[in-house]
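Report on the structure given below.
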Amino acid sequence: MKYSEAEQGRIFVIRLEDGEVLHEVVEKFAADRGVERAYLIAVGGAGPGSTLVTGPRDPDARPVPPLTRVLEAVHEIAGVGTLFPGSDGRPLLHIHLACGRDDETVTGCGRTGVRVWQVAEVILVELTGTEARRKLDEETGFELLQPGG
């Protein structure tokens, strides 16, 4: 286990609009306001065509090939994520979402593009006092969190 301590900074209340791509908007918002590190919660709707990573296609392959699932219809979403600088220094969101419709729920990572249906609400909590960042792991192809402590 690796860890570092952080403190809570600013808190932002954000409403995303119909058609916006969740990770793109959050990453741009953070970059524009100088938020380098944060955690967040999100609720709202995901539109048809949204894509989730739902696991590795082959867990033994390197780099790890993603298994993706396209949402064919509107789903309700609830998610939690972290935001840290990626290998290029820009904010990089890692968010997992539970997406439900009728009696089915699909859970996965939203890094491949979840498009907002009507509205999504995000509470973004800035983290300060840490140098944690993501670093590309050549073997897996993942940008892994390096707590820095």
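Letters for chains follow the order of the structure tokens (A, B, ...), residue numbers begin at 1 for each chain, and ligand numbers begin at 1 in the order shown.
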
Once you count only C-alpha atoms, what closest atom pair and distance in Å to one decimal does each residue of range 29-53 of chain A within 8 Å of range 74-96 of chain A have, with rows by chain and rising residue number, as JSON lines?
{"residue": "A:Ala30", "atom": "CA", "partner": "A:Pro91", "partner_atom": "CA", "distance": 6.8}
{"residue": "A:Ala31", "atom": "CA", "partner": "A:Pro91", "partner_atom": "CA", "distance": 6.4}
{"residue": "A:Val35", "atom": "CA", "partner": "A:Pro91", "partner_atom": "CA", "distance": 7.8}
{"residue": "A:Glu36", "atom": "CA", "partner": "A:Pro91", "partner_atom": "CA", "distance": 5.8}
{"residue": "A:Arg37", "atom": "CA", "partner": "A:Phe84", "partner_atom": "CA", "distance": 4.6}
{"residue": "A:Ala38", "atom": "CA", "partner": "A:Leu83", "partner_atom": "CA", "distance": 5.0}
{"residue": "A:Tyr39", "atom": "CA", "partner": "A:Thr82", "partner_atom": "CA", "distance": 4.3}
{"residue": "A:Leu40", "atom": "CA", "partner": "A:Gly81", "partner_atom": "CA", "distance": 5.3}
{"residue": "A:Ile41", "atom": "CA", "partner": "A:Val80", "partner_atom": "CA", "distance": 4.5}
{"residue": "A:Ala42", "atom": "CA", "partner": "A:Gly79", "partner_atom": "CA", "distance": 5.0}
{"residue": "A:Val43", "atom": "CA", "partner": "A:Ala78", "partner_atom": "CA", "distance": 4.6}
{"residue": "A:Gly44", "atom": "CA", "partner": "A:Ile77", "partner_atom": "CA", "distance": 5.3}
{"residue": "A:Gly45", "atom": "CA", "partner": "A:Glu76", "partner_atom": "CA", "distance": 4.6}
{"residue": "A:Ala46", "atom": "CA", "partner": "A:His75", "partner_atom": "CA", "distance": 5.2}
{"residue": "A:Gly47", "atom": "CA", "partner": "A:Val74", "partner_atom": "CA", "distance": 4.7}
{"residue": "A:Pro48", "atom": "CA", "partner": "A:Val74", "partner_atom": "CA", "distance": 5.3}

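One finds CA of Cys109 in chain A at 16.5 Å from CA of Asp58 in chain A.
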